[in-house]
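Colleague: Encoded as structure tokens, here's the structure I'll be asking about.
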Protein chains: 2
Amino acid sequence: MPIVVDPVQRRLDVVAAVVRVIRRDGMEHVSVRNVAREAGLSMGSLRHYFVSQSELMIFAFQTIIDRIEARLAALQPAADPRQRAEQVLAELLPLDDERRAENEVWLAFTARATADPALRELRAGAYDNLRAGCRHLITGLSAAGLAPTDIPAETERLHAWLDGLAVHAAMRADLHTPESLTAAIARHLDALAIEAKALRLT
Amino acid sequence: MPIVVDPVQRRLDVVAAVVRVIRRDGMEHVSVRNVAREAGLSMGSLRHYFVSQSELMIFAFQTIIDRIEARLAALQPAADPRQRAEQVLAELLPLDDERRAENEVWLAFTARATADPALRELRAGAYDNLRAGCRHLITGLSAAGLAPTDIPAETERLHAWLDGLAVHAAMRADLHTPESLTAAIARHLDALAIEAKALRLT
DNA sequence: GTTTTGGTAGCACGACTGTGCTAGTTGGAA
DNA sequence: TTCCAACTAGCACAGTCGTGCTACCAAAAC
């Protein structure tokens, strides 16, 4: 073997190249050749790590998903449900460059997944996981009297609001600063608490 | 001239073909050839109506945007702010096949617009218009005591929730029935009213 | 009648696509 | 040393891409 390079790391390097191409040129320019060039590999070499383009796309999407879920899992869970919710939601919104990139790429894959069965399945799984995470947050808040007791309804509302805000942040990054996004988080959580309190009094 | 066909109608027919290709095969298969075949035209004929692919894409996106905004404008505005809000929000969510198709295609264009300056501009304009519409609804609700008085904050919240729900409906059409979507609208508007009332009492 | 105009059709070109395939190269194992 | 597996490189093929271009046709204008 030549210079020993961890094959796992190589595959991740290729994913990084995919991400750069998507962000710079758009999903429609993600070809085997472009990715190979971006990764500094020959076509043949790239094909040694990914036998087909579809395998490459699936691995790239899965890697992005894994990274986001790993970051969430690594959070030191706050005991206070309100703090916990702020923590998790802040982790899921594009508050820094890394997450801005992730968010853009996520959207690109999400769109492509509509017409690609394999990507569709990955997307559905990620959707379900995020929905479960939202439900968990709402359950905690609700138990503390900080959210209404209709768990499914508030879960759906939080989930839709969260993804919508992420889409908006990707569409108009100039209008959505880290400050405005964190403020939006606080506002939604405040609203849930106020509503819960009002419902309790009736 | 041969059979006289309204050139405006022809262009709209081509847009319909674009929509079908996007829904059936995905945005990456929208080529001049595929669209021409889908529209029952030769390549040369298609190019008589659209000199370039980019002009075709821009016109198609603009047409979708116009159609949605025209449908909104055609609504008989209810006097009651709550009914008005329900009316408008229901018009913007994919409650029937026509709007499901529009929603899917809208998402595809939205993704493509990230790397295409011309589409980006159209998208930004549509975003601003929808945001203004949300602001209008919130202003009416707020004046009637049915929404908190922080107009910008509630506008952003409504807008994000709305677009997020539309994305979710496109991603998991099976989980988002017309019934669940209209229920979600009612729930969010109820929440705004409850919150407004609670804030007024403090 | 001829000319003009609006529309249709499709070939040709060069560029790019994914993938099959062969050849070569390198470093550790036998 | 020989051998082998991991890896790199890139050519070849068939197909698709957007677009430039010419040819053709039918009806309206002249």
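Numbering starts fresh at 1 for the residues of each chain in the structure tokens, the chains themselves are lettered A, B, ... in the order given, and ligands are numbered from 1 as they appear.
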So that I can check the surroundings of range 122-133 of chain B, please list as a VMD selection string every protein, DNA and RNA residue that reaches within 12 Å of it, counting only C-alpha atoms (C1' of nucleotides) and ignoring chain neighbours fewer than 6 positions away.
Modeller: (chain A and resid 167 to 175) or (chain B and resid 57 to 69 72 to 73 84 to 85 88 to 89 92 106 to 116 139 to 140 151 to 163)
Colleague: Could you please select, counting only C-alpha atoms (C1' of nucleotides), the residues of chain C within 10 Å of chain A and state them as a VMD selection string?
Modeller: chain C and resid 16 to 19 25 to 28
Colleague: Restricted to N, CA and C atoms (P, O5', C5', C4', C3', O3' and C1' of nucleotides), what would the selected residues look like written as a compact mmCIF listing (two decimals), in the first residue's frame?
Modeller:
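Listed below is the output, out_16.txt:
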```
# COMPACT_ATOMS: atom_id res chain seq x y z
P DC C 16 -17.07 20.61 -19.84
O5' DC C 16 -18.01 19.49 -19.18
C5' DC C 16 -19.36 19.79 -18.90
C4' DC C 16 -20.12 18.50 -18.73
C3' DC C 16 -19.50 17.52 -17.72
O3' DC C 16 -20.30 17.51 -16.55
C1' DC C 16 -20.38 16.44 -19.66
P DT C 17 -19.86 16.62 -15.32
O5' DT C 17 -20.68 15.28 -15.51
C5' DT C 17 -22.12 15.33 -15.55
C4' DT C 17 -22.68 13.98 -15.90
C3' DT C 17 -22.07 12.80 -15.16
O3' DT C 17 -22.67 12.69 -13.89
C1' DT C 17 -22.42 12.28 -17.47
P DG C 18 -21.95 11.76 -12.81
O5' DG C 18 -22.27 10.27 -13.28
C5' DG C 18 -23.62 9.83 -13.31
C4' DG C 18 -23.66 8.35 -13.66
C3' DG C 18 -22.91 7.43 -12.69
O3' DG C 18 -23.63 6.21 -12.57
C1' DG C 18 -21.92 7.31 -14.85
P DT C 19 -23.11 5.13 -11.54
O5' DT C 19 -22.25 4.20 -12.51
C5' DT C 19 -22.88 3.62 -13.64
C4' DT C 19 -21.86 2.90 -14.48
C3' DT C 19 -20.96 1.90 -13.73
O3' DT C 19 -21.10 0.64 -14.37
C1' DT C 19 -19.69 3.24 -15.18
P DT C 25 4.29 1.80 -12.77
O5' DT C 25 4.12 2.82 -11.53
C5' DT C 25 2.81 3.17 -11.12
C4' DT C 25 2.69 3.03 -9.62
C3' DT C 25 3.96 2.60 -8.88
O3' DT C 25 4.06 3.37 -7.71
C1' DT C 25 2.21 1.17 -8.30
P DT C 26 5.52 3.58 -7.03
O5' DT C 26 5.17 3.51 -5.48
C5' DT C 26 3.84 3.78 -5.05
C4' DT C 26 3.43 2.80 -3.98
C3' DT C 26 4.59 2.32 -3.09
O3' DT C 26 4.33 2.76 -1.78
C1' DT C 26 3.13 0.55 -3.69
P DG C 27 5.56 2.94 -0.77
O5' DG C 27 5.23 1.82 0.32
C5' DG C 27 3.97 1.87 0.99
C4' DG C 27 3.63 0.49 1.52
C3' DG C 27 4.73 -0.13 2.40
O3' DG C 27 4.12 -0.72 3.53
C1' DG C 27 4.16 -1.61 0.68
P DG C 28 4.98 -0.89 4.87
O5' DG C 28 4.41 -2.28 5.42
C5' DG C 28 3.01 -2.43 5.60
C4' DG C 28 2.60 -3.83 5.22
C3' DG C 28 3.26 -4.95 6.06
O3' DG C 28 2.25 -5.83 6.51
C1' DG C 28 3.50 -5.41 3.77
```
Colleague: Determine, for each residue of chain D having at least one atom at most 12 Å from an atom of chain B, the closest pair of atoms and their separation in Å to one decimal, counting only C-alpha atoms (C1' of nucleotides); order by chain and ascending number, as a tab-separated table.
Modeller:
```
residue	atom	partner	partner_atom	distance
D:DT16	C1'	B:Ser31	CA	9.2
D:DC17	C1'	B:Ser31	CA	7.5
D:DG18	C1'	B:Gln53	CA	7.5
D:DT19	C1'	B:Ser52	CA	7.9
D:DG20	C1'	B:Gly44	CA	10.9
D:DC21	C1'	B:Gly44	CA	10.3
D:DT22	C1'	B:Gly44	CA	11.2
D:DA23	C1'	B:Gly44	CA	11.8
D:DC25	C1'	B:Pro2	CA	8.0
D:DA26	C1'	B:Met1	CA	4.9
D:DA27	C1'	B:Met1	CA	4.6
D:DA28	C1'	B:Met1	CA	7.7
```
Colleague: Env of DC24 in chain D: 12 Å cut, atoms = only C-alpha atoms (C1' of nucleotides), seq-sep filter 6 positions within chain, self excluded. Answer as a ChimeraX atom specification.
Modeller: /C:7-10
Colleague: Got a sec: who's within 10 Å of DA30 in chain C, counting only C-alpha atoms (C1' of nucleotides), leaving out chain neighbours fewer than 4 positions off, as a list of chain:residue names?
Modeller: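 Selected residues are D:DT1, D:DT2, D:DC3, D:DC4.
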Colleague: Could the residues in this selection be saved with C-alpha atoms (C1' of nucleotides) as a short mmCIF file (atom, residue, chain, number, x, y, z; two decimals), in the first residue's frame?
Modeller:
```
data_model
loop_
_atom_site.label_atom_id
_atom_site.label_comp_id
_atom_site.auth_asym_id
_atom_site.auth_seq_id
_atom_site.Cartn_x
_atom_site.Cartn_y
_atom_site.Cartn_z
"C1'" DT D 1 12.56 -12.62 -3.16
"C1'" DT D 2 8.00 -13.44 -4.59
"C1'" DC D 3 3.36 -12.56 -4.08
"C1'" DC D 4 -0.70 -10.28 -3.04
#
```
Colleague: Restricting the calculation to only C-alpha atoms: of A:Arg11, A:Arg71, A:Arg37, A:His29, which residue gets closest to chain B?
Modeller: A:His29
Colleague: Can you pull out every residue within 12 Å of Ala198 in chain A, counting only C-alpha atoms (C1' of nucleotides), but drop anything in the same chain fewer than 5 positions away, and send it as JSON, numbers by chain?
Modeller: {"A": [145, 146, 147, 148, 149, 191, 192, 193], "B": [191, 192, 193, 194, 195, 196, 197, 198, 199, 200, 201, 202]}
Colleague: Among range 36-99 of chain B, which ones does DSSP place in alpha helix (DSSP H), written as a ChimeraX atom specification?
Modeller: /B:36-39,43-49,53-73,81-92,97-99
Colleague: For the residues in the current selection, export N, CA and C atoms as a short mmCIF file (atom, residue, chain, number, x, y, z; two decimals), in the first residue's frame.
Modeller:
```cif
data_model
loop_
_atom_site.label_atom_id
_atom_site.label_comp_id
_atom_site.auth_asym_id
_atom_site.auth_seq_id
_atom_site.Cartn_x
_atom_site.Cartn_y
_atom_site.Cartn_z
N ALA B 36 -39.50 18.98 -23.46
CA ALA B 36 -40.09 19.02 -24.80
C ALA B 36 -40.90 17.76 -25.06
N ARG B 37 -40.32 16.61 -24.75
CA ARG B 37 -41.03 15.35 -24.95
C ARG B 37 -42.32 15.33 -24.14
N GLU B 38 -42.21 15.73 -22.87
CA GLU B 38 -43.38 15.73 -21.99
C GLU B 38 -44.46 16.67 -22.50
N ALA B 39 -44.05 17.76 -23.12
CA ALA B 39 -45.02 18.74 -23.62
C ALA B 39 -45.50 18.37 -25.02
N MET B 43 -37.67 19.73 -29.85
CA MET B 43 -36.72 20.63 -29.19
C MET B 43 -36.71 22.01 -29.83
N GLY B 44 -36.72 22.02 -31.14
CA GLY B 44 -36.68 23.30 -31.84
C GLY B 44 -37.90 24.14 -31.53
N SER B 45 -39.04 23.46 -31.44
CA SER B 45 -40.28 24.18 -31.15
C SER B 45 -40.26 24.76 -29.74
N LEU B 46 -39.78 23.95 -28.82
CA LEU B 46 -39.70 24.44 -27.44
C LEU B 46 -38.79 25.66 -27.37
N ARG B 47 -37.70 25.58 -28.12
CA ARG B 47 -36.75 26.68 -28.07
C ARG B 47 -37.29 27.94 -28.73
N HIS B 48 -38.38 27.78 -29.47
CA HIS B 48 -39.01 28.97 -30.04
C HIS B 48 -39.72 29.77 -28.96
N TYR B 49 -40.15 29.08 -27.91
CA TYR B 49 -40.87 29.76 -26.82
C TYR B 49 -39.94 30.14 -25.68
N GLN B 53 -32.59 27.39 -21.40
CA GLN B 53 -33.11 26.61 -20.29
C GLN B 53 -33.35 27.50 -19.08
N SER B 54 -32.44 28.43 -18.87
CA SER B 54 -32.58 29.27 -17.69
C SER B 54 -33.84 30.13 -17.80
N GLU B 55 -34.15 30.59 -19.01
CA GLU B 55 -35.40 31.37 -19.17
C GLU B 55 -36.60 30.49 -18.85
N LEU B 56 -36.53 29.23 -19.28
CA LEU B 56 -37.62 28.30 -18.99
C LEU B 56 -37.81 28.12 -17.49
N MET B 57 -36.71 27.92 -16.79
CA MET B 57 -36.80 27.70 -15.35
C MET B 57 -37.35 28.93 -14.64
N ILE B 58 -36.86 30.09 -15.04
CA ILE B 58 -37.32 31.32 -14.41
C ILE B 58 -38.81 31.50 -14.64
N PHE B 59 -39.23 31.29 -15.88
CA PHE B 59 -40.66 31.47 -16.19
C PHE B 59 -41.51 30.47 -15.41
N ALA B 60 -41.04 29.24 -15.32
CA ALA B 60 -41.80 28.22 -14.60
C ALA B 60 -41.95 28.59 -13.13
N PHE B 61 -40.84 28.98 -12.52
CA PHE B 61 -40.89 29.34 -11.10
C PHE B 61 -41.82 30.54 -10.90
N GLN B 62 -41.65 31.55 -11.75
CA GLN B 62 -42.48 32.75 -11.64
C GLN B 62 -43.96 32.41 -11.80
N THR B 63 -44.25 31.47 -12.71
CA THR B 63 -45.64 31.08 -12.95
C THR B 63 -46.25 30.44 -11.71
N ILE B 64 -45.47 29.56 -11.08
CA ILE B 64 -45.96 28.93 -9.85
C ILE B 64 -46.23 30.00 -8.79
N ILE B 65 -45.28 30.90 -8.63
CA ILE B 65 -45.44 31.97 -7.64
C ILE B 65 -46.68 32.79 -7.94
N ASP B 66 -46.82 33.19 -9.20
CA ASP B 66 -47.97 34.01 -9.58
C ASP B 66 -49.28 33.28 -9.28
N ARG B 67 -49.30 32.00 -9.59
CA ARG B 67 -50.54 31.24 -9.41
C ARG B 67 -50.96 31.23 -7.95
N ILE B 68 -49.98 31.00 -7.08
CA ILE B 68 -50.30 30.97 -5.64
C ILE B 68 -50.78 32.34 -5.18
N GLU B 69 -50.07 33.37 -5.60
CA GLU B 69 -50.45 34.71 -5.14
C GLU B 69 -51.80 35.12 -5.73
N ALA B 70 -52.07 34.68 -6.95
CA ALA B 70 -53.36 35.01 -7.56
C ALA B 70 -54.49 34.31 -6.81
N ARG B 71 -54.26 33.08 -6.40
CA ARG B 71 -55.30 32.36 -5.65
C ARG B 71 -55.59 33.06 -4.33
N LEU B 72 -54.52 33.54 -3.71
CA LEU B 72 -54.71 34.27 -2.45
C LEU B 72 -55.50 35.55 -2.69
N ALA B 73 -55.14 36.26 -3.76
CA ALA B 73 -55.80 37.54 -4.04
C ALA B 73 -57.27 37.34 -4.37
N PRO B 81 -61.22 38.52 11.66
CA PRO B 81 -59.78 38.24 11.49
C PRO B 81 -59.44 36.77 11.68
N ARG B 82 -60.11 36.11 12.57
CA ARG B 82 -59.84 34.69 12.78
C ARG B 82 -60.22 33.87 11.55
N GLN B 83 -61.42 34.13 11.04
CA GLN B 83 -61.84 33.42 9.83
C GLN B 83 -60.92 33.74 8.66
N ARG B 84 -60.51 35.00 8.60
CA ARG B 84 -59.61 35.41 7.52
C ARG B 84 -58.30 34.63 7.60
N ALA B 85 -57.78 34.51 8.80
CA ALA B 85 -56.52 33.80 8.98
C ALA B 85 -56.68 32.34 8.59
N GLU B 86 -57.76 31.71 9.03
CA GLU B 86 -57.99 30.31 8.68
C GLU B 86 -58.06 30.13 7.17
N GLN B 87 -58.78 31.06 6.55
CA GLN B 87 -58.97 31.05 5.11
C GLN B 87 -57.63 31.11 4.37
N VAL B 88 -56.82 32.08 4.73
CA VAL B 88 -55.54 32.31 4.04
C VAL B 88 -54.58 31.15 4.29
N LEU B 89 -54.48 30.72 5.54
CA LEU B 89 -53.53 29.65 5.86
C LEU B 89 -53.95 28.35 5.17
N ALA B 90 -55.26 28.10 5.13
CA ALA B 90 -55.72 26.89 4.45
C ALA B 90 -55.40 26.94 2.96
N GLU B 91 -55.41 28.13 2.41
CA GLU B 91 -55.10 28.29 0.99
C GLU B 91 -53.63 28.00 0.71
N LEU B 92 -52.80 28.17 1.73
CA LEU B 92 -51.34 28.04 1.54
C LEU B 92 -50.82 26.65 1.88
N ASP B 97 -55.02 17.99 -4.30
CA ASP B 97 -53.98 17.53 -5.22
C ASP B 97 -53.26 18.69 -5.91
N GLU B 98 -54.04 19.67 -6.32
CA GLU B 98 -53.44 20.80 -7.03
C GLU B 98 -52.38 21.48 -6.16
N ARG B 99 -52.76 21.73 -4.92
CA ARG B 99 -51.81 22.43 -4.05
C ARG B 99 -50.70 21.51 -3.56
#
```
Colleague: Give me, as a list in words, all polymer residues having an atom no more than 7 Å from Ile22 in chain B, counting only C-alpha atoms (C1' of nucleotides) and skipping those fewer than 5 positions away in the same chain.
Modeller: Met27, Val30 and Val105 of chain B
Colleague: Nearest to Ile138 in chain A: which of A:Ser180, A:Val19, A:Asp25, A:Leu189 is it, counting only C-alpha atoms?
Modeller: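 Distance minimum relative to Ile138 in chain A lands on A:Leu189.
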Colleague: May I ask which of the residues A:Glu121, A:Leu93, A:Asp190, A:Leu41 is the closest one to Gly164 in chain A, counting only C-alpha atoms?
Modeller: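 Using only C-alpha atoms, the shortest distance to Gly164 in chain A belongs to A:Leu93.
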